[in-house]
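*Asks:* Sharing my_file22.cif, mmCIF, C-alpha atoms:
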```
data_start
loop_
_atom_site.label_atom_id
_atom_site.label_comp_id
_atom_site.auth_asym_id
_atom_site.auth_seq_id
_atom_site.Cartn_x
_atom_site.Cartn_y
_atom_site.Cartn_z
CA MET F 1 62.72 90.89 -12.14
CA LEU F 2 59.01 90.02 -12.35
CA ARG F 3 57.81 87.30 -14.73
CA SER F 4 54.64 87.63 -16.77
CA PRO F 5 51.51 85.59 -15.74
CA ARG F 6 51.74 83.65 -19.02
CA VAL F 7 55.25 82.45 -18.20
CA LEU F 8 54.21 81.46 -14.66
CA GLY F 9 51.22 79.49 -15.95
CA ALA F 10 53.38 77.59 -18.42
CA ALA F 11 55.87 76.74 -15.71
CA VAL F 12 53.13 75.40 -13.43
CA GLY F 13 51.70 73.31 -16.27
CA VAL F 14 55.10 71.79 -17.07
CA ALA F 15 55.64 70.94 -13.39
CA ALA F 16 52.20 69.28 -13.09
CA LEU F 17 52.80 67.25 -16.23
CA GLY F 18 56.14 66.10 -14.87
CA LEU F 19 54.54 64.96 -11.64
CA LEU F 20 51.84 63.01 -13.52
CA VAL F 21 54.38 61.28 -15.75
CA GLY F 22 56.51 60.39 -12.74
CA TRP F 23 53.50 58.93 -10.87
CA LEU F 24 52.42 56.85 -13.84
CA PHE F 25 55.96 55.54 -14.35
CA SER F 26 56.32 54.54 -10.71
CA THR F 27 52.91 52.84 -10.42
CA LEU F 28 52.84 51.09 -13.80
CA VAL F 29 56.54 50.27 -14.30
CA LEU F 30 58.47 50.35 -11.04
CA PHE F 31 55.77 49.29 -8.58
CA PRO F 32 52.81 47.85 -10.51
CA ALA F 33 49.70 46.85 -8.48
CA PRO F 34 49.14 43.11 -8.30
CA ASP F 35 46.45 41.68 -10.58
CA THR F 36 43.77 40.70 -8.03
CA LEU F 37 41.84 38.61 -10.62
CA THR F 38 44.76 36.41 -11.58
CA GLY F 39 44.12 32.74 -10.70
CA LEU F 40 40.48 33.14 -9.61
CA VAL F 41 37.80 30.83 -11.03
CA GLN F 42 34.13 31.44 -11.74
CA VAL F 43 31.65 29.52 -9.61
CA PRO F 44 29.34 27.41 -11.82
CA ASP F 45 25.56 27.25 -11.44
CA VAL F 46 24.79 23.91 -9.77
CA GLN F 47 21.18 24.55 -8.75
CA GLY F 48 18.77 21.85 -9.90
CA ARG F 49 21.51 19.19 -10.12
CA SER F 50 21.96 16.08 -8.02
CA LEU F 51 24.88 15.91 -5.60
CA ASP F 52 26.87 13.69 -7.97
CA GLY F 53 26.43 16.22 -10.75
CA VAL F 54 27.30 19.09 -8.42
CA GLU F 55 30.51 17.47 -7.27
CA GLN F 56 31.61 16.83 -10.84
CA ALA F 57 30.76 20.37 -12.00
CA LEU F 58 32.71 21.89 -9.10
CA ALA F 59 35.68 19.61 -9.71
CA ASP F 60 35.74 20.63 -13.38
CA ALA F 61 35.87 24.28 -12.23
CA GLY F 62 38.66 23.57 -9.74
CA LEU F 63 36.40 23.90 -6.70
CA ASP F 64 35.36 21.56 -3.89
CA LEU F 65 31.95 20.58 -2.52
CA GLY F 66 31.51 22.06 0.93
CA SER F 67 28.81 21.48 3.53
CA VAL F 68 25.48 20.06 2.39
CA GLU F 69 22.26 21.15 4.12
CA GLU F 70 18.77 19.72 3.66
CA TYR F 71 15.51 21.59 3.14
CA ARG F 72 11.91 20.44 2.64
CA HIS F 73 10.90 22.13 -0.59
CA PRO F 74 7.23 21.76 -1.61
CA ALA F 75 7.94 22.03 -5.36
CA VAL F 76 11.42 20.54 -5.92
CA ASP F 77 12.08 16.81 -6.11
CA SER F 78 14.17 15.18 -3.44
CA GLY F 79 17.92 15.23 -4.13
CA ALA F 80 18.06 18.41 -6.23
CA VAL F 81 20.12 21.44 -5.18
CA VAL F 82 17.95 24.49 -4.42
CA ALA F 83 20.60 26.96 -3.21
CA GLN F 84 24.38 27.49 -3.24
CA SER F 85 27.04 29.77 -1.76
CA PRO F 86 28.97 31.42 -3.39
CA LEU F 87 26.34 32.29 -5.98
CA PRO F 88 26.70 31.34 -9.66
CA GLY F 89 29.10 33.64 -11.52
CA GLN F 90 31.01 34.85 -8.47
CA LEU F 91 34.79 34.45 -8.34
CA ALA F 92 36.58 32.19 -5.89
CA LEU F 93 40.07 30.89 -5.22
CA PRO F 94 40.89 27.50 -6.70
CA GLY F 95 39.97 24.72 -4.28
CA ALA F 96 37.44 26.88 -2.44
CA ALA F 97 34.42 25.06 -1.00
CA VAL F 98 30.93 25.72 -2.34
CA ARG F 99 28.12 25.10 0.14
CA VAL F 100 24.82 23.74 -1.19
CA THR F 101 21.29 23.14 0.09
CA VAL F 102 19.52 20.02 -1.16
CA SER F 103 15.77 19.47 -1.30
CA VAL F 104 14.45 16.44 0.55
CA GLY F 105 11.09 16.91 -1.19
CA ALA F 106 7.75 17.96 0.19
CA GLU F 107 6.46 16.54 3.46
CA ARG F 108 4.08 13.64 2.83
CA ARG F 109 1.16 12.66 5.05
CA ALA F 110 -1.46 9.93 4.84
CA ILE F 111 -5.16 10.83 4.74
CA PRO F 112 -6.64 9.66 8.07
CA SER F 113 -9.74 7.48 8.31
CA VAL F 114 -12.64 9.92 8.75
CA SER F 115 -15.51 8.35 6.79
CA ARG F 116 -17.27 7.16 9.95
CA LEU F 117 -17.27 10.64 11.48
CA ALA F 118 -19.78 13.43 11.15
CA ALA F 119 -18.77 15.82 8.38
CA ASN F 120 -17.71 18.68 10.68
CA GLN F 121 -15.53 16.31 12.73
CA ALA F 122 -13.98 14.82 9.58
CA ILE F 123 -13.13 18.27 8.24
CA ASP F 124 -11.52 19.29 11.53
CA VAL F 125 -9.36 16.13 11.59
CA LEU F 126 -8.22 16.60 7.99
CA ARG F 127 -7.28 20.24 8.57
CA ALA F 128 -5.43 19.35 11.77
CA THR F 129 -3.45 16.78 9.74
CA GLY F 130 -2.29 19.55 7.40
CA PHE F 131 -4.66 19.24 4.44
CA THR F 132 -6.90 21.87 2.92
CA VAL F 133 -10.49 20.66 2.55
CA ALA F 134 -13.05 21.20 -0.20
CA VAL F 135 -16.65 20.17 0.52
CA ASP F 136 -19.29 18.86 -1.88
CA SER F 137 -22.89 18.03 -0.94
CA VAL F 138 -25.13 15.33 -2.43
CA GLU F 139 -28.41 13.66 -1.63
CA SER F 140 -27.75 10.28 -0.08
CA ASP F 141 -29.41 7.51 1.87
CA LEU F 142 -27.03 8.41 4.69
CA ALA F 143 -28.26 10.82 7.34
CA ARG F 144 -27.75 14.52 6.76
CA GLY F 145 -24.25 15.65 7.72
CA ARG F 146 -22.56 12.24 7.33
CA VAL F 147 -19.50 11.71 5.15
CA VAL F 148 -20.40 10.04 1.83
CA GLY F 149 -16.91 9.90 0.31
CA ILE F 150 -13.28 11.05 0.51
CA ASP F 151 -11.12 11.89 -2.52
CA PRO F 152 -8.31 10.79 -2.64
CA ASP F 153 -9.06 7.64 -0.67
CA GLU F 154 -8.29 7.33 3.01
CA GLY F 155 -4.74 6.13 3.58
CA SER F 156 -3.37 7.83 0.45
CA ALA F 157 -0.05 9.60 1.10
CA LEU F 158 0.04 13.13 -0.33
CA ALA F 159 2.78 15.74 -0.57
CA LEU F 160 1.84 18.84 1.40
CA PRO F 161 0.27 21.23 0.66
CA ALA F 162 -2.58 19.09 -0.70
CA GLU F 163 -6.35 19.27 -0.97
CA VAL F 164 -8.78 16.57 0.14
CA ARG F 165 -12.36 16.64 -1.15
CA VAL F 166 -15.10 15.57 1.26
CA THR F 167 -18.58 14.71 0.01
CA VAL F 168 -21.28 15.29 2.62
CA SER F 169 -24.80 13.88 2.67
CA LEU F 170 -27.75 16.22 2.42
CA GLY F 171 -29.90 13.32 3.62
CA PRO F 172 -32.18 11.09 1.57
CA PRO F 173 -33.94 12.82 -1.33
CA SER F 174 -37.36 14.12 -0.37
CA VAL F 175 -40.63 13.01 -1.98
CA THR F 176 -44.14 14.43 -1.88
CA LEU F 177 -46.54 12.24 0.05
CA PRO F 178 -49.61 11.64 -2.11
CA VAL F 179 -53.20 11.75 -0.92
CA LEU F 180 -54.01 8.17 0.00
CA LEU F 181 -57.60 8.70 1.18
CA GLY F 182 -60.06 6.45 -0.63
CA LEU F 183 -57.42 4.01 -1.87
CA SER F 184 -57.51 0.39 -0.87
CA GLU F 185 -54.97 -0.56 1.78
CA VAL F 186 -53.06 -2.68 -0.75
CA VAL F 187 -52.79 0.15 -3.29
CA ALA F 188 -51.81 2.62 -0.56
CA ARG F 189 -49.02 0.32 0.63
CA ASP F 190 -47.74 -0.13 -2.94
CA SER F 191 -47.80 3.63 -3.52
CA LEU F 192 -45.74 4.29 -0.40
CA SER F 193 -43.25 1.55 -1.25
CA SER F 194 -42.72 2.89 -4.79
CA LEU F 195 -41.78 6.29 -3.31
CA GLY F 196 -39.33 4.82 -0.82
CA LEU F 197 -41.66 5.47 2.12
CA LEU F 198 -42.64 2.99 4.80
CA VAL F 199 -45.98 1.94 6.20
CA GLY F 200 -46.06 2.74 9.87
CA GLU F 201 -48.91 2.08 12.27
CA VAL F 202 -52.15 0.90 10.65
CA GLU F 203 -55.20 1.80 12.72
CA GLU F 204 -58.49 0.08 11.97
CA VAL F 205 -61.79 1.92 12.48
CA PHE F 206 -65.36 0.83 11.96
CA ARG F 207 -66.84 1.85 8.62
CA PHE F 208 -69.96 0.93 6.64
CA GLY F 209 -70.16 0.25 2.95
CA ARG F 210 -67.45 1.14 0.49
CA ASP F 211 -64.97 2.53 3.07
CA GLN F 212 -64.27 -0.97 4.28
CA GLY F 213 -60.66 -1.92 3.43
CA ARG F 214 -59.92 1.59 2.26
CA VAL F 215 -57.74 4.37 3.71
CA VAL F 216 -59.88 6.87 5.59
CA GLY F 217 -57.02 8.73 7.28
CA GLN F 218 -53.30 9.30 6.99
CA GLU F 219 -50.54 11.02 8.94
CA PRO F 220 -48.80 13.14 7.69
CA PRO F 221 -51.40 14.56 5.30
CA GLY F 222 -51.05 14.39 1.52
CA GLY F 223 -48.73 16.98 -0.01
CA THR F 224 -46.14 16.81 2.81
CA GLU F 225 -42.47 16.65 1.76
CA LEU F 226 -40.82 13.62 3.38
CA GLU F 227 -37.38 12.03 3.29
CA ARG F 228 -37.24 8.55 1.80
CA GLY F 229 -37.53 5.95 4.51
CA THR F 230 -40.08 7.96 6.53
CA ALA F 231 -43.00 5.93 7.96
CA VAL F 232 -46.57 7.00 7.20
CA ARG F 233 -49.46 6.17 9.54
CA LEU F 234 -52.66 4.85 7.92
CA VAL F 235 -56.24 4.62 9.15
CA VAL F 236 -58.19 1.87 7.39
CA GLY F 237 -61.93 1.21 7.50
CA ARG F 238 -63.10 -2.22 8.71
CA ARG F 239 -66.45 -3.91 9.23
CA GLY F 240 -67.16 -4.35 12.89
CA GLY F 241 -66.97 -7.92 14.22
#
```
Just dump the structure as structure tokens.
*Replies:*
Amino acid sequence: MLRSPRVLGAAVGVAALGLLVGWLFSTLVLFPAPDTLTGLVQVPDVQGRSLDGVEQALADAGLDLGSVEEYRHPAVDSGAVVAQSPLPGQLALPGAAVRVTVSVGAERRAIPSVSRLAANQAIDVLRATGFTVAVDSVESDLARGRVVGIDPDEGSALALPAEVRVTVSLGPPSVTLPVLLGLSEVVARDSLSSLGLLVGEVEEVFRFGRDQGRVVGQEPPGGTELERGTAVRLVVGRRGG
């Protein structure tokens, strides 16, 4: 005798429901799955702490301090934890070891003595030592291209990366040589001295009248730009003997 499709569908539904109920009963009541989270502890965040603080925090959480590695960190003070494994918030078995990495601080180097060197040599030495170099230029009585100053001072120990500022001489400030022709030798000498210039060779030539004792020639000529300390040659008129 054939059954109707409606009766067959109901029978299949009842059978499927029975299978589902039986599976749930066996997995939840007869053979429940073990609770995998039972007894696990959460790993605390110990980054930024000292080792003493790390050990106490781990002990409070039921964990142990594992291996400790060192790392030169340019921005973290020596003795502070900069990394950990497992990471904060992860779960671990009680008594598990947590590995940490501790900063030993930035590498420190002393500024070498370079003030006696030419500027380009000083800059090369500082860069080879590990410093970045900034350069300023000023007029100075030192020769052009010589080191005028170092900031910070030579011998100062700095944490790398660090910048050292080098001040370089542009040479003595320049002055305009005045026209000395017609001045007495004494006045010409005083004029040169007031400008920071020197009197070089003084040549005497025979002159009549008012040119005696006065400057009748100069080298370089008036209007020339000279560095302070430059010698100027004078030609002075004299009465013949």
*Asks:* Please write the residues picked by the PyMOL selection byres ((chain F and resi 205) around 12) on this file as a PDB file with C-alpha atoms, in the frame of the given file.
*Replies:*
```
ATOM      1  CA  VAL F 202     -52.150   0.900  10.650  1.00  0.00           C
ATOM      2  CA  GLU F 203     -55.200   1.800  12.720  1.00  0.00           C
ATOM      3  CA  GLU F 204     -58.490   0.080  11.970  1.00  0.00           C
ATOM      4  CA  PHE F 206     -65.360   0.830  11.960  1.00  0.00           C
ATOM      5  CA  ARG F 207     -66.840   1.850   8.620  1.00  0.00           C
ATOM      6  CA  PHE F 208     -69.960   0.930   6.640  1.00  0.00           C
ATOM      7  CA  ASP F 211     -64.970   2.530   3.070  1.00  0.00           C
ATOM      8  CA  GLN F 212     -64.270  -0.970   4.280  1.00  0.00           C
ATOM      9  CA  GLY F 213     -60.660  -1.920   3.430  1.00  0.00           C
ATOM     10  CA  ARG F 214     -59.920   1.590   2.260  1.00  0.00           C
ATOM     11  CA  VAL F 215     -57.740   4.370   3.710  1.00  0.00           C
ATOM     12  CA  VAL F 216     -59.880   6.870   5.590  1.00  0.00           C
ATOM     13  CA  GLY F 217     -57.020   8.730   7.280  1.00  0.00           C
ATOM     14  CA  LEU F 234     -52.660   4.850   7.920  1.00  0.00           C
ATOM     15  CA  VAL F 235     -56.240   4.620   9.150  1.00  0.00           C
ATOM     16  CA  VAL F 236     -58.190   1.870   7.390  1.00  0.00           C
ATOM     17  CA  GLY F 237     -61.930   1.210   7.500  1.00  0.00           C
ATOM     18  CA  ARG F 238     -63.100  -2.220   8.710  1.00  0.00           C
ATOM     19  CA  ARG F 239     -66.450  -3.910   9.230  1.00  0.00           C
ATOM     20  CA  GLY F 240     -67.160  -4.350  12.890  1.00  0.00           C
ATOM     21  CA  GLY F 241     -66.970  -7.920  14.220  1.00  0.00           C
TER      22      GLY F 241
END
```
*Asks:* Which residue is closest to Tyr71 in chain F? Choose from F:Thr101, F:Gly95, F:Pro88, F:Leu58 and count only C-alpha atoms.
*Replies:*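 Closest candidate: F:Thr101.
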*Asks:* Please identify every residue of range 213-240 of chain F that has at least one atom no farther than 10 Å from an atom of range 128-142 of chain F, counting only C-alpha atoms, and for each give the shortest atom pair and the distance in Å to one decimal, arranged by chain then increasing number, as CSV.
*Replies:*
```
residue,atom,partner,partner_atom,distance
F:Glu227,CA,F:Asp141,CA,9.3
F:Arg228,CA,F:Asp141,CA,7.9
F:Gly229,CA,F:Asp141,CA,8.7
```
*Asks:* Mind pulling up the distance from CA of Pro172 in chain F to CA of Asn120 in chain F?
*Replies:*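 These atoms are spaced 18.7 Å apart.
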*Asks:* What lies within 8 Å of Gly66 in chain F using only C-alpha atoms, ignoring chain neighbours under 5 positions off, as a list in words?
*Replies:*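 The neighbour list is Ala97, Val98, Arg99 and Val100 of chain F.
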*Asks:* I need every residue sitting at most 12 Å from the point (-14.3, 8.9, 4.8) (coordinates as in the file, all atoms listed in the file considered), written as a compact mmCIF listing (two decimals) with C-alpha atoms, keeping the file's coordinate frame.
*Replies:*
```txt
# COMPACT_ATOMS: atom_id res chain seq x y z
CA ILE F 111 -5.16 10.83 4.74
CA PRO F 112 -6.64 9.66 8.07
CA SER F 113 -9.74 7.48 8.31
CA VAL F 114 -12.64 9.92 8.75
CA SER F 115 -15.51 8.35 6.79
CA ARG F 116 -17.27 7.16 9.95
CA LEU F 117 -17.27 10.64 11.48
CA ALA F 118 -19.78 13.43 11.15
CA ALA F 119 -18.77 15.82 8.38
CA ASN F 120 -17.71 18.68 10.68
CA GLN F 121 -15.53 16.31 12.73
CA ALA F 122 -13.98 14.82 9.58
CA ILE F 123 -13.13 18.27 8.24
CA VAL F 125 -9.36 16.13 11.59
CA LEU F 126 -8.22 16.60 7.99
CA ARG F 146 -22.56 12.24 7.33
CA VAL F 147 -19.50 11.71 5.15
CA VAL F 148 -20.40 10.04 1.83
CA GLY F 149 -16.91 9.90 0.31
CA ILE F 150 -13.28 11.05 0.51
CA ASP F 151 -11.12 11.89 -2.52
CA PRO F 152 -8.31 10.79 -2.64
CA ASP F 153 -9.06 7.64 -0.67
CA GLU F 154 -8.29 7.33 3.01
CA GLY F 155 -4.74 6.13 3.58
CA SER F 156 -3.37 7.83 0.45
CA VAL F 164 -8.78 16.57 0.14
CA ARG F 165 -12.36 16.64 -1.15
CA VAL F 166 -15.10 15.57 1.26
CA THR F 167 -18.58 14.71 0.01
CA VAL F 168 -21.28 15.29 2.62
CA SER F 169 -24.80 13.88 2.67
```
*Asks:* What is the distance between CA of Arg189 in chain F and CA of Leu170 in chain F, in Å to one decimal?
*Replies:* 26.6 Å
*Asks:* Just so the selection is clear, what residues does the PyMOL selection byres ((chain F and resi 45) around 9) cover here, as a list in words?
*Replies:*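 This file, filtered by the PyMOL selection byres ((chain F and resi 45) around 9), leaves Val43, Pro44, Val46, Gln47, Gly48, Val54, Ala57, Gln84, Leu87, Pro88 and Gly89 of chain F.
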*Asks:* Taking 2 positions as the minimum chain separation for residues in the same chain, which residues sit within 8 Å of Ala92 in chain F when counting all atoms listed in the file? Answer as a list in words.
*Replies:*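 Contacts, in chain order: Leu40, Val41, Gln42, Val43, Gln90, Pro94 and Ala96 of chain F.
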*Asks:* So how many Å separate CA of Arg210 in chain F and CA of Leu195 in chain F, to one decimal?
*Replies:*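 Interatomic distance here is 26.5 Å.
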*Asks:* Generate the missing atoms of range 151-162 of chain F up to all heavy atoms and report them as a PDB file, in the coordinates of the input.
*Replies:*
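Result file is selection-v8.pdb:
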```pdb
ATOM      1  N   ASP F 151     -11.940  11.952  -1.312  1.00  0.00           N
ATOM      2  CA  ASP F 151     -11.120  11.890  -2.520  1.00  0.00           C
ATOM      3  C   ASP F 151      -9.882  12.788  -2.335  1.00  0.00           C
ATOM      4  O   ASP F 151     -10.029  13.980  -2.081  1.00  0.00           O
ATOM      5  CB  ASP F 151     -11.910  12.386  -3.734  1.00  0.00           C
ATOM      6  CG  ASP F 151     -11.126  12.247  -5.031  1.00  0.00           C
ATOM      7  OD1 ASP F 151     -10.316  11.300  -5.143  1.00  0.00           O
ATOM      8  OD2 ASP F 151     -11.324  13.089  -5.938  1.00  0.00           O
ATOM      9  N   PRO F 152      -8.665  12.188  -2.424  1.00  0.00           N
ATOM     10  CA  PRO F 152      -8.310  10.790  -2.640  1.00  0.00           C
ATOM     11  C   PRO F 152      -8.758   9.907  -1.478  1.00  0.00           C
ATOM     12  O   PRO F 152      -9.203  10.386  -0.443  1.00  0.00           O
ATOM     13  CB  PRO F 152      -6.779  10.816  -2.745  1.00  0.00           C
ATOM     14  CG  PRO F 152      -6.437  12.238  -3.046  1.00  0.00           C
ATOM     15  CD  PRO F 152      -7.468  13.057  -2.354  1.00  0.00           C
ATOM     16  N   ASP F 153      -8.598   8.590  -1.673  1.00  0.00           N
ATOM     17  CA  ASP F 153      -9.060   7.640  -0.670  1.00  0.00           C
ATOM     18  C   ASP F 153      -8.298   7.774   0.637  1.00  0.00           C
ATOM     19  O   ASP F 153      -7.134   8.214   0.662  1.00  0.00           O
ATOM     20  CB  ASP F 153      -8.913   6.209  -1.196  1.00  0.00           C
ATOM     21  CG  ASP F 153      -9.826   5.931  -2.381  1.00  0.00           C
ATOM     22  OD1 ASP F 153     -10.881   6.593  -2.469  1.00  0.00           O
ATOM     23  OD2 ASP F 153      -9.488   5.062  -3.206  1.00  0.00           O
ATOM     24  N   GLU F 154      -8.943   7.378   1.701  1.00  0.00           N
ATOM     25  CA  GLU F 154      -8.290   7.330   3.010  1.00  0.00           C
ATOM     26  C   GLU F 154      -7.041   6.449   2.937  1.00  0.00           C
ATOM     27  O   GLU F 154      -7.041   5.412   2.265  1.00  0.00           O
ATOM     28  CB  GLU F 154      -9.247   6.791   4.065  1.00  0.00           C
ATOM     29  CG  GLU F 154     -10.453   7.683   4.303  1.00  0.00           C
ATOM     30  CD  GLU F 154     -11.511   7.020   5.163  1.00  0.00           C
ATOM     31  OE1 GLU F 154     -11.680   5.794   5.039  1.00  0.00           O
ATOM     32  OE2 GLU F 154     -12.159   7.721   5.944  1.00  0.00           O
ATOM     33  N   GLY F 155      -5.986   6.879   3.599  1.00  0.00           N
ATOM     34  CA  GLY F 155      -4.740   6.130   3.580  1.00  0.00           C
ATOM     35  C   GLY F 155      -3.771   6.573   2.498  1.00  0.00           C
ATOM     36  O   GLY F 155      -2.589   6.227   2.549  1.00  0.00           O
ATOM     37  N   SER F 156      -4.250   7.347   1.509  1.00  0.00           N
ATOM     38  CA  SER F 156      -3.370   7.830   0.450  1.00  0.00           C
ATOM     39  C   SER F 156      -2.360   8.826   1.026  1.00  0.00           C
ATOM     40  O   SER F 156      -2.725   9.704   1.812  1.00  0.00           O
ATOM     41  CB  SER F 156      -4.175   8.504  -0.665  1.00  0.00           C
ATOM     42  OG  SER F 156      -5.113   7.611  -1.226  1.00  0.00           O
ATOM     43  N   ALA F 157      -1.098   8.683   0.639  1.00  0.00           N
ATOM     44  CA  ALA F 157      -0.050   9.600   1.100  1.00  0.00           C
ATOM     45  C   ALA F 157       0.102  10.726   0.093  1.00  0.00           C
ATOM     46  O   ALA F 157       0.342  10.481  -1.092  1.00  0.00           O
ATOM     47  CB  ALA F 157       1.266   8.855   1.276  1.00  0.00           C
ATOM     48  N   LEU F 158      -0.033  11.967   0.547  1.00  0.00           N
ATOM     49  CA  LEU F 158       0.040  13.130  -0.330  1.00  0.00           C
ATOM     50  C   LEU F 158       1.146  14.057   0.117  1.00  0.00           C
ATOM     51  O   LEU F 158       1.440  14.177   1.310  1.00  0.00           O
ATOM     52  CB  LEU F 158      -1.293  13.896  -0.314  1.00  0.00           C
ATOM     53  CG  LEU F 158      -2.557  13.114  -0.680  1.00  0.00           C
ATOM     54  CD1 LEU F 158      -3.766  14.037  -0.600  1.00  0.00           C
ATOM     55  CD2 LEU F 158      -2.436  12.499  -2.062  1.00  0.00           C
ATOM     56  N   ALA F 159       1.762  14.727  -0.862  1.00  0.00           N
ATOM     57  CA  ALA F 159       2.780  15.740  -0.570  1.00  0.00           C
ATOM     58  C   ALA F 159       2.074  17.030  -0.190  1.00  0.00           C
ATOM     59  O   ALA F 159       1.205  17.519  -0.916  1.00  0.00           O
ATOM     60  CB  ALA F 159       3.677  15.950  -1.777  1.00  0.00           C
ATOM     61  N   LEU F 160       2.439  17.582   0.952  1.00  0.00           N
ATOM     62  CA  LEU F 160       1.840  18.840   1.400  1.00  0.00           C
ATOM     63  C   LEU F 160       2.471  20.029   0.679  1.00  0.00           C
ATOM     64  O   LEU F 160       3.669  20.002   0.377  1.00  0.00           O
ATOM     65  CB  LEU F 160       2.025  18.991   2.910  1.00  0.00           C
ATOM     66  CG  LEU F 160       1.364  17.923   3.777  1.00  0.00           C
ATOM     67  CD1 LEU F 160       1.608  18.216   5.248  1.00  0.00           C
ATOM     68  CD2 LEU F 160      -0.125  17.846   3.507  1.00  0.00           C
ATOM     69  N   PRO F 161       1.705  21.093   0.386  1.00  0.00           N
ATOM     70  CA  PRO F 161       0.270  21.230   0.660  1.00  0.00           C
ATOM     71  C   PRO F 161      -0.566  20.410  -0.318  1.00  0.00           C
ATOM     72  O   PRO F 161      -0.173  20.243  -1.472  1.00  0.00           O
ATOM     73  CB  PRO F 161       0.034  22.727   0.486  1.00  0.00           C
ATOM     74  CG  PRO F 161       1.059  23.146  -0.522  1.00  0.00           C
ATOM     75  CD  PRO F 161       2.282  22.300  -0.244  1.00  0.00           C
ATOM     76  N   ALA F 162      -1.706  19.903   0.145  1.00  0.00           N
ATOM     77  CA  ALA F 162      -2.580  19.090  -0.700  1.00  0.00           C
ATOM     78  C   ALA F 162      -4.024  19.307  -0.273  1.00  0.00           C
ATOM     79  O   ALA F 162      -4.320  19.636   0.876  1.00  0.00           O
ATOM     80  CB  ALA F 162      -2.202  17.617  -0.594  1.00  0.00           C
TER      81      ALA F 162
END
```
